[in-house]
>>> print(open('upload-v7.pdb').read())   # PDB, C-alpha atoms
ATOM      1  CA  MET A 376      59.996  -0.199 -12.231
ATOM      2  CA  GLN A 377      57.720  -2.857 -10.831
ATOM      3  CA  GLU A 378      54.322  -3.396 -12.431
ATOM      4  CA  VAL A 379      51.387  -3.418 -10.056
ATOM      5  CA  GLU A 380      48.951  -6.239 -10.737
ATOM      6  CA  GLU A 381      45.491  -4.827 -11.286
ATOM      7  CA  LYS A 382      42.988  -6.331  -8.861
ATOM      8  CA  LYS A 383      39.841  -7.160 -10.774
ATOM      9  CA  GLU A 384      36.486  -6.416  -9.249
ATOM     10  CA  ALA A 385      33.662  -8.955  -9.210
ATOM     11  CA  LYS A 386      30.703  -8.099 -11.425
ATOM     12  CA  TRP A 387      27.349  -9.663 -12.160
ATOM     13  CA  TYR A 388      26.850 -11.580 -15.404
ATOM     14  CA  ALA A 389      23.740 -13.064 -17.006
ATOM     15  CA  VAL A 390      24.136 -16.725 -17.846
ATOM     16  CA  GLN A 391      21.738 -18.616 -20.094
ATOM     17  CA  ALA A 392      20.526 -21.989 -18.836
ATOM     18  CA  TYR A 393      18.162 -24.575 -20.235
ATOM     19  CA  GLN A 394      14.574 -23.443 -19.717
ATOM     20  CA  GLY A 395      12.928 -24.992 -16.698
ATOM     21  CA  LYS A 396      16.302 -26.144 -15.346
ATOM     22  CA  GLU A 397      17.484 -22.793 -13.958
ATOM     23  CA  ASN A 398      17.284 -23.763 -10.265
ATOM     24  CA  LEU A 399      18.912 -27.150 -10.842
ATOM     25  CA  VAL A 400      21.732 -25.589 -12.871
ATOM     26  CA  CYS A 401      22.242 -22.878 -10.247
ATOM     27  CA  SER A 402      22.474 -25.510  -7.491
ATOM     28  CA  LYS A 403      24.979 -27.505  -9.571
ATOM     29  CA  LEU A 404      27.060 -24.380 -10.144
ATOM     30  CA  ILE A 405      27.111 -23.443  -6.442
ATOM     31  CA  SER A 406      28.050 -26.995  -5.502
ATOM     32  CA  LYS A 407      30.898 -27.097  -8.057
ATOM     33  CA  ILE A 408      32.201 -23.701  -6.904
ATOM     34  CA  LYS A 409      32.533 -25.068  -3.374
ATOM     35  CA  GLU A 410      33.995 -28.358  -4.605
ATOM     36  CA  GLU A 411      36.679 -26.572  -6.611
ATOM     37  CA  ALA A 412      37.272 -23.908  -3.907
ATOM     38  CA  MET A 413      36.499 -21.030  -6.279
ATOM     39  CA  GLU A 414      34.479 -18.961  -3.785
ATOM     40  CA  ASP A 415      37.093 -16.199  -3.927
ATOM     41  CA  ARG A 416      36.504 -15.660  -7.673
ATOM     42  CA  ILE A 417      32.906 -16.798  -8.205
ATOM     43  CA  LEU A 418      31.067 -15.176  -5.337
ATOM     44  CA  ASN A 419      27.393 -15.787  -5.945
ATOM     45  CA  ALA A 420      24.870 -17.417  -8.276
ATOM     46  CA  ILE A 421      21.116 -16.842  -8.151
ATOM     47  CA  VAL A 422      17.955 -17.374 -10.144
ATOM     48  CA  PRO A 423      16.054 -14.061  -9.945
ATOM     49  CA  GLU A 424      12.531 -14.906  -8.726
ATOM     50  CA  THR A 425       9.538 -13.173  -7.219
ATOM     51  CA  ASP A 426       6.416 -14.465  -5.464
ATOM     52  CA  LYS A 427       3.189 -14.902  -7.410
ATOM     53  CA  ILE A 428      -0.179 -15.967  -6.035
ATOM     54  CA  GLU A 429      -2.223 -18.447  -8.026
ATOM     55  CA  ILE A 430      -5.645 -19.808  -7.276
ATOM     56  CA  LYS A 431      -5.826 -23.587  -7.668
ATOM     57  CA  GLY A 432      -8.754 -25.651  -6.505
ATOM     58  CA  GLY A 433     -10.188 -22.636  -4.719
ATOM     59  CA  LYS A 434      -7.030 -22.121  -2.648
ATOM     60  CA  ARG A 435      -4.337 -19.477  -2.785
ATOM     61  CA  ILE A 436      -0.898 -20.849  -3.558
ATOM     62  CA  VAL A 437       2.240 -18.709  -3.451
ATOM     63  CA  LYS A 438       4.649 -19.782  -6.174
ATOM     64  CA  LYS A 439       8.042 -18.531  -7.194
ATOM     65  CA  GLU A 440       8.052 -16.984 -10.651
ATOM     66  CA  LYS A 441      11.253 -16.450 -12.576
ATOM     67  CA  ILE A 442      11.799 -12.819 -13.468
ATOM     68  CA  TYR A 443      13.981 -13.831 -16.432
ATOM     69  CA  PRO A 444      13.154 -17.392 -17.509
ATOM     70  CA  SER A 445      16.198 -19.336 -18.798
ATOM     71  CA  TYR A 446      18.684 -17.058 -17.012
ATOM     72  CA  LEU A 447      20.629 -17.005 -13.807
ATOM     73  CA  LEU A 448      22.951 -14.330 -12.495
ATOM     74  CA  VAL A 449      26.530 -15.024 -11.483
ATOM     75  CA  GLU A 450      28.696 -12.606  -9.510
ATOM     76  CA  MET A 451      32.316 -13.260 -10.379
ATOM     77  CA  ILE A 452      35.702 -11.985 -11.388
ATOM     78  CA  ALA A 453      35.657 -12.792 -15.077
ATOM     79  CA  ASP A 454      38.860 -14.304 -16.387
ATOM     80  CA  LYS A 455      39.600 -17.190 -18.711
ATOM     81  CA  ASP A 456      39.399 -19.773 -15.901
ATOM     82  CA  THR A 457      36.152 -18.604 -14.303
ATOM     83  CA  VAL A 458      34.381 -18.144 -17.649
ATOM     84  CA  THR A 459      35.449 -21.629 -18.772
ATOM     85  CA  PHE A 460      34.438 -23.080 -15.405
ATOM     86  CA  VAL A 461      30.916 -21.599 -15.527
ATOM     87  CA  LYS A 462      30.428 -22.657 -19.170
ATOM     88  CA  SER A 463      31.459 -26.219 -18.265
ATOM     89  CA  ILE A 464      28.459 -26.721 -15.978
ATOM     90  CA  SER A 465      25.896 -29.030 -17.528
ATOM     91  CA  GLY A 466      22.748 -27.080 -18.475
ATOM     92  CA  ILE A 467      24.496 -23.763 -19.130
ATOM     93  CA  SER A 468      24.535 -22.617 -22.737
ATOM     94  CA  GLY A 469      26.711 -19.555 -22.234
ATOM     95  CA  PHE A 470      27.018 -15.989 -21.095
ATOM     96  CA  VAL A 471      25.103 -13.026 -22.402
ATOM     97  CA  GLY A 472      27.567 -10.960 -24.415
ATOM     98  CA  SER A 473      29.935 -11.452 -27.292
ATOM     99  CA  LYS A 474      31.055 -14.943 -28.293
ATOM    100  CA  LYS A 475      34.492 -14.296 -26.847
ATOM    101  CA  ASP A 476      33.859 -12.330 -23.645
ATOM    102  CA  PRO A 477      30.858 -12.104 -21.337
ATOM    103  CA  ILE A 478      29.546  -8.586 -20.832
ATOM    104  CA  PRO A 479      28.850  -7.610 -17.210
ATOM    105  CA  LEU A 480      25.487  -6.162 -16.242
ATOM    106  CA  SER A 481      25.502  -2.459 -15.479
ATOM    107  CA  GLU A 482      25.093  -1.327 -11.874
ATOM    108  CA  THR A 483      21.665   0.053 -12.769
ATOM    109  CA  GLU A 484      20.558  -3.282 -14.237
ATOM    110  CA  VAL A 485      21.746  -5.133 -11.130
ATOM    111  CA  GLU A 486      19.993  -2.657  -8.809
ATOM    112  CA  ASN A 487      16.741  -2.980 -10.783
ATOM    113  CA  ILE A 488      16.860  -6.784 -10.697
ATOM    114  CA  PHE A 489      17.433  -6.861  -6.942
ATOM    115  CA  LEU A 490      14.628  -4.321  -6.422
ATOM    116  CA  LYS A 491      12.281  -6.638  -8.343
ATOM    117  CA  ILE A 492      13.372  -9.580  -6.191
ATOM    118  CA  LYS A 493      12.996  -7.702  -2.883
ATOM    119  CA  GLU A 494       9.835  -5.670  -3.441
ATOM    120  CA  ASP A 495       6.603  -7.154  -2.233
ATOM    121  CA  ASN A 496       4.970  -7.375  -5.615
ATOM    122  CA  THR A 497       3.081 -10.571  -5.031
ATOM    123  CA  LYS A 498       0.544 -10.671  -7.802
ATOM    124  CA  HIS A 499      -2.591 -12.706  -8.149
ATOM    125  CA  ASN A 500      -2.984 -14.606 -11.363
ATOM    126  CA  ILE A 501      -6.572 -13.598 -12.069
ATOM    127  CA  ASP A 502      -8.070 -15.171 -15.143
ATOM    128  CA  PHE A 503     -11.213 -13.035 -15.256
ATOM    129  CA  MET A 504     -12.225  -9.972 -17.266
ATOM    130  CA  VAL A 505     -14.482  -7.017 -16.511
ATOM    131  CA  GLY A 506     -17.940  -7.750 -17.926
ATOM    132  CA  GLU A 507     -17.564 -11.521 -17.602
ATOM    133  CA  ILE A 508     -20.471 -13.493 -16.116
ATOM    134  CA  VAL A 509     -19.411 -15.653 -13.160
ATOM    135  CA  ARG A 510     -20.992 -17.853 -10.517
ATOM    136  CA  ILE A 511     -20.431 -17.233  -6.820
ATOM    137  CA  VAL A 512     -19.423 -20.588  -5.334
ATOM    138  CA  GLU A 513     -18.693 -19.710  -1.704
ATOM    139  CA  GLY A 514     -20.325 -17.715   1.028
ATOM    140  CA  PRO A 515     -23.957 -16.832   1.724
ATOM    141  CA  PHE A 516     -24.607 -15.955  -1.940
ATOM    142  CA  GLY A 517     -23.299 -19.247  -3.338
ATOM    143  CA  LYS A 518     -24.833 -20.423  -6.636
ATOM    144  CA  ILE A 519     -25.802 -16.877  -7.674
ATOM    145  CA  ASP A 520     -24.559 -15.553 -11.017
ATOM    146  CA  GLY A 521     -23.255 -12.045 -11.515
ATOM    147  CA  LYS A 522     -21.181  -9.812 -13.759
ATOM    148  CA  ILE A 523     -17.674  -8.628 -12.871
ATOM    149  CA  SER A 524     -17.528  -4.834 -12.744
ATOM    150  CA  GLU A 525     -14.028  -4.333 -11.215
ATOM    151  CA  ILE A 526     -10.867  -6.372 -10.661
ATOM    152  CA  ASP A 527      -8.263  -5.648  -7.975
ATOM    153  CA  LYS A 528      -5.219  -7.774  -8.889
ATOM    154  CA  GLU A 529      -3.203  -6.493  -5.934
ATOM    155  CA  ARG A 530      -5.682  -7.867  -3.390
ATOM    156  CA  GLY A 531      -7.063 -10.745  -5.446
ATOM    157  CA  GLN A 532     -10.595  -9.392  -5.249
ATOM    158  CA  VAL A 533     -13.390  -8.563  -7.665
ATOM    159  CA  ILE A 534     -16.595  -6.556  -7.535
ATOM    160  CA  VAL A 535     -19.454  -8.673  -8.870
ATOM    161  CA  LEU A 536     -22.826  -7.140  -9.687
ATOM    162  CA  VAL A 537     -25.644  -9.484  -8.680
ATOM    163  CA  ASN A 538     -29.334  -8.969  -9.283
ATOM    164  CA  MET A 539     -30.881  -8.597  -5.835
ATOM    165  CA  PHE A 540     -34.045  -6.847  -4.733
ATOM    166  CA  GLY A 541     -34.794  -5.880  -8.322
ATOM    167  CA  ARG A 542     -31.510  -4.058  -8.936
ATOM    168  CA  GLU A 543     -27.817  -4.720  -9.484
ATOM    169  CA  THR A 544     -25.994  -4.864  -6.173
ATOM    170  CA  PRO A 545     -22.193  -4.759  -6.023
ATOM    171  CA  MET A 546     -20.481  -7.454  -3.932
ATOM    172  CA  LYS A 547     -16.792  -7.437  -3.085
ATOM    173  CA  LEU A 548     -15.525 -11.020  -3.331
ATOM    174  CA  ASP A 549     -12.259 -12.843  -3.209
ATOM    175  CA  VAL A 550     -11.378 -14.550  -6.518
ATOM    176  CA  VAL A 551     -11.540 -17.946  -4.808
ATOM    177  CA  GLN A 552     -15.271 -17.334  -4.281
ATOM    178  CA  ILE A 553     -16.167 -17.213  -7.989
ATOM    179  CA  ARG A 554     -15.960 -19.509 -11.044
ATOM    180  CA  LYS A 555     -16.306 -18.959 -14.760
ATOM    181  CA  LEU A 556     -19.590 -20.084 -16.313
TER     182      LEU A 556
END
>>> encode(input="upload-v7.pdb", output="structure tokens")
Amino acid sequence: MQEVEEKKEAKWYAVQAYQGKENLVCSKLISKIKEEAMEDRILNAIVPETDKIEIKGGKRIVKKEKIYPSYLLVEMIADKDTVTFVKSISGISGFVGSKKDPIPLSETEVENIFLKIKEDNTKHNIDFMVGEIVRIVEGPFGKIDGKISEIDKERGQVIVLVNMFGRETPMKLDVVQIRKL
């Protein structure tokens, strides 16, 4: 009776890389895969990232933020050769799993990671707190101080209470329009 060779299925694996070097390591890995013609066994390598809005110098800047710092994901058919190949890339410390064999991510984990990458969850990095006193620096009310009463991180806006006409008046402002005192 002839034995049928079992065709292994590609799975996603978490690979640890040197912190801050994830994108460089991923690029090196992809380049080496092509160089060594291993695209049929190592299918994909990515650094899971999402967009994040930061305010620098009064301007909005969209930056990529790593979902899992120090890690990249590799889709591959894990065998002795592919595992050794991936580990040989400079900047990779190893696979997540046991010392001997990498452990693939579950389908649920993979789905959740790709949902995080795809969803429009651009967040503003707002370094203000409710109750904090701030100065309005832009717009018709520039140079007026007020107190933050609400923060909307999704939109990058705040409600600032300013003393006008003898009472506190709420003003909806973009975070680029205010500064800490």
>>> atom_distance(input="upload-v7.pdb", atom1="CA of Ala420 (chain A)", atom2="CA of Ser445 (chain A)")
13.8 Å
>>> residues_around(input="upload-v7.pdb", residues="Lys403 (chain A)", least_positions_apart="4", cutoff="9 Å", atoms="only C-alpha atoms", output="ChimeraX atom specification")
/A:398-399,407-408,464-465
>>> residues_around(input="upload-v7.pdb", residues="region 499-516 of chain A", least_positions_apart="3", cutoff="12 Å", atoms="all atoms listed in the file", output="PyMOL selection string")
chain A and resi 426-438+440+496+519-539+544+546-556
>>> resolve_selection(input="upload-v7.pdb", expression="the PyMOL selection byres ((chain A and resi 387-390) around 6)", output="ChimeraX atom specification")
/A:386,391,446-450,469-471,479-480
>>> closest_atom_pairs(input="upload-v7.pdb", of="region 420-499 of chain A", to="region 409-416 of chain A", cutoff="9 Å", atoms="only C-alpha atoms", output="JSON lines")
{"residue": "A:Glu450", "atom": "CA", "partner": "A:Arg416", "partner_atom": "CA", "distance": 8.6}
{"residue": "A:Met451", "atom": "CA", "partner": "A:Arg416", "partner_atom": "CA", "distance": 5.5}
{"residue": "A:Ile452", "atom": "CA", "partner": "A:Arg416", "partner_atom": "CA", "distance": 5.3}
{"residue": "A:Ala453", "atom": "CA", "partner": "A:Arg416", "partner_atom": "CA", "distance": 8.0}
{"residue": "A:Thr457", "atom": "CA", "partner": "A:Arg416", "partner_atom": "CA", "distance": 7.3}
>>> atom_distance(input="upload-v7.pdb", atom1="CA of Lys475 (chain A)", atom2="CA of Lys462 (chain A)")
12.1 Å
>>> resolve_selection(input="upload-v7.pdb", expression="the PyMOL selection byres ((chain A and resi 492) around 9)", output="MDAnalysis selection string")
chainID A and resid 423:426 442 487:491 493:496
>>> atom_distance(input="upload-v7.pdb", atom1="CA of Lys383 (chain A)", atom2="CA of Gly472 (chain A)")
18.7 Å
